[in-house]
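Enquirer: First, the structure itself, so that you have it in front of you.
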Amino acid sequence: MQYTSQDFRRYTIRTAIYVMLLIGMLLFLLPVYVVIVTSLKDPATINLATTWQFPTTLYWQSYQEVIAAFGPRIWNSVTLVISATILSAMMGSLNGYVFSKWRIPGEKAFFPLILFGMFIPYQAILIPLFEFLRDIRLYGGIPGLVVIHVVYGLPITTLIFRNFYMEIPDEMLEAASIDGAGFFQIYTQIVFPLSIAGFVVVIIWQFTQIWNEFLFAVTMTSSDYEPITVGLARLAGGEAVKWNLPMAGAVVAALPPLLVYIILGRYFIRGLLAGSIKG
Amino acid sequence: MRNRRDRLIAFLMVLPTLMLLGIFVYFFIGKAVYTSTTDWGENPDQPALAENVVLTNVGLRNYENLMTDIIQANFRNSLTNTFFFTVFFVAGCTILGLFLALLLDQKVVAEGFFRTVFLFPMALSFVVTGTIWRWLLQPSGGINILPTLIGLEPIQFNWSNNQETWLQFRWEEVPLYLTTVGITILTIIAVRNVLKHNWRSLRFAAGAAVVVLLVFVAGLWNYIWPPLDSAVAEQAIAPKGFNGALLGIIIAAIWQMSGYVMAIFTAGIRGIPEDLRESARVDGGTELDVYRHIVLPQLSPFVTSAMIILGHISLKIFDLVFAMTGPDNARTVVPGMLVYTKGFRQNSFASASAIAVIMLFLIAVIIAPYLWSQLRTSKSG
């Protein structure tokens, strides 16, 4: 078989594409390699010169120490994430149903006003929020943080569900309504059963966002009720750091959202793209 | 569905959301604006956290101090840092994201796997990313010794403790730069309109240019950008420019967010009908022509979207800086960090609120038009 110059050109381009993809992959994964390797090294053997070398013996104790150091913070995060995610998903689903299928007075103004809430820098409301939570005696604990994440999660959950419900044909609801179904029957019998995928997108999105959040976590909790991200920042902050602990901590803090991403990546991307409005 | 009772129920169902967001977003913003005009936390006779603290209205003094007082030089540094961070972060993410999206558009094997790899940092917390990169950017380890693995010389660059400041400028020159940039952009628009014989837009651009020039000549900038109280001292203790210490944070942020841009562009590329590309190929266009004349023009609205989303993220960045260089590093300080340190460490609530309001204003300027145009086009579509 003869290679023509056109074939040659084509193969060169294909090879170049794969080489670039592999280099890109390497650059994206190198930090992961370093984190895992460092977290498994005996702290006595960690030094800058051997950053990239594999540990001589696997030292798992760092993970035990980190879990002990995080202590209640892991459970704080779990409680916070579960309650805030469920509440904001349920409210978002009802809102999305109303905004996609019902006419309410002033909706043309309300919807953009709701959406604006997800773009504001939360620093802008931080001090009034602190005063408010202190006044209603919710400052410092998990319930206060749940309220915060539910409220500031409402814009994105409402948006995702609204876009999702837009695709349910109006005729279906119209038919049910002629059969005498009211607001709630239409929701429970038609809309809700069709929205499993919508719930998966919203739950995954809220779960990762709340688990990863730091600003509210560090300003609105007292030390007993800190979430895991604050625990990690404490572990890694300060001058004389033993690097095995922050690295093991980073792995533990990253694991839940990362697992969700790897298993349900398709739904994660849908949530991600919903944040740039056009669904 | 047109039943009056059901419509009332529908309204009652969204009422809690409207009320909650009304309080937590709009009322709180109003409260922050109000707080920024008081002396809360600045008056030594009134302890900031006292039960019945008496506040005095000071008008715009907190804003004026932020712009002129030597004590608030840190705020001006934070604006400078945000500017350079935004420029390099947005440009870096957009270019890398576009590059990755185009690479993955070449019908490659294991496309899904590569996509998962490039996007996974988006699932991480900024605190996790910051912790990891702090270790990677240690002066005599990590990235710096990476070249030695293949026999090259180590990199000699001090990332997080870098003391250099590039592209230095003086704070009081900024109005001049802004005016120059404004006039230049308007001139380019005007020339393009002349070439296209678009006289109405030409008049608009020319009028705007005259306004910009008048603001400068009439000295109105002194109200928008009041002169520093002690320009010489400021130049000596807090020079403005692109701080080298920011570079590592920018790299970490690009590592985390470029996959997001890739995902936006991939969604855009998938929306281009295959016949459109096919017809260009039939017309004898090479693959490069297809990209230049079809794919890239179709992607331009997505480029705008991505840049606006990235820009607003970078204007409020906080956790990444916190995790990488700590809350008290003057070389990497950003406005979001100052709201935290001033408000929650020093209890200087009034000036923290003024910074917060300025942040909100900067973000609203780019987000509000974006939101408006997005909703307008999606309604008709």
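Here, A, B, ... name the chains of the structure tokens in the order displayed, residue numbers run from 1 inside each chain, and ligands are numbered from 1 in the same displayed order.
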Show me, as a PyMOL selection string, every residue of chain B with an atom at most 6 Å from chain A, counting only C-alpha atoms.
Expert: chain B and resi 1+6+10-11+14+28-29+123-125+128+141-142+316+356-357
Enquirer: Using DSSP on the backbone coordinates, identify the residues of stretch 104-323 of chain B assigned to alpha helix (DSSP H); present them as a PyMOL selection string.
Expert: chain B and resi 104+111-119+126-136+142-145+174-195+199-217+221-224+231-237+246-270+274-282+287-290+296-315+319-323
Enquirer: Using only C-alpha atoms, which residue out of B:Thr94, B:Asn193, B:Gln46, B:Asn62 lies closest to B:Ser351?
Expert: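 For B:Ser351, the nearest of the given residues is B:Asn62.
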Enquirer: Could you give me, as a list of chain:residue names, the residues within 9 Å of B:Ile264, counting only C-alpha atoms and dropping anything in the same chain fewer than 5 positions from it?
Expert: A:Leu272, A:Leu273, A:Ser276, B:Gly97, B:Ala101, B:Gly259, B:Ile269, B:Phe302, B:Val303, B:Ser305, B:Ala306
Enquirer: Quick check, in Å to one decimal: how far apart do atom CA of A:Leu264 and atom CA of B:Gly112 lie?
Expert: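 Pair atom CA of A:Leu264 / atom CA of B:Gly112 returns 12.8 Å.
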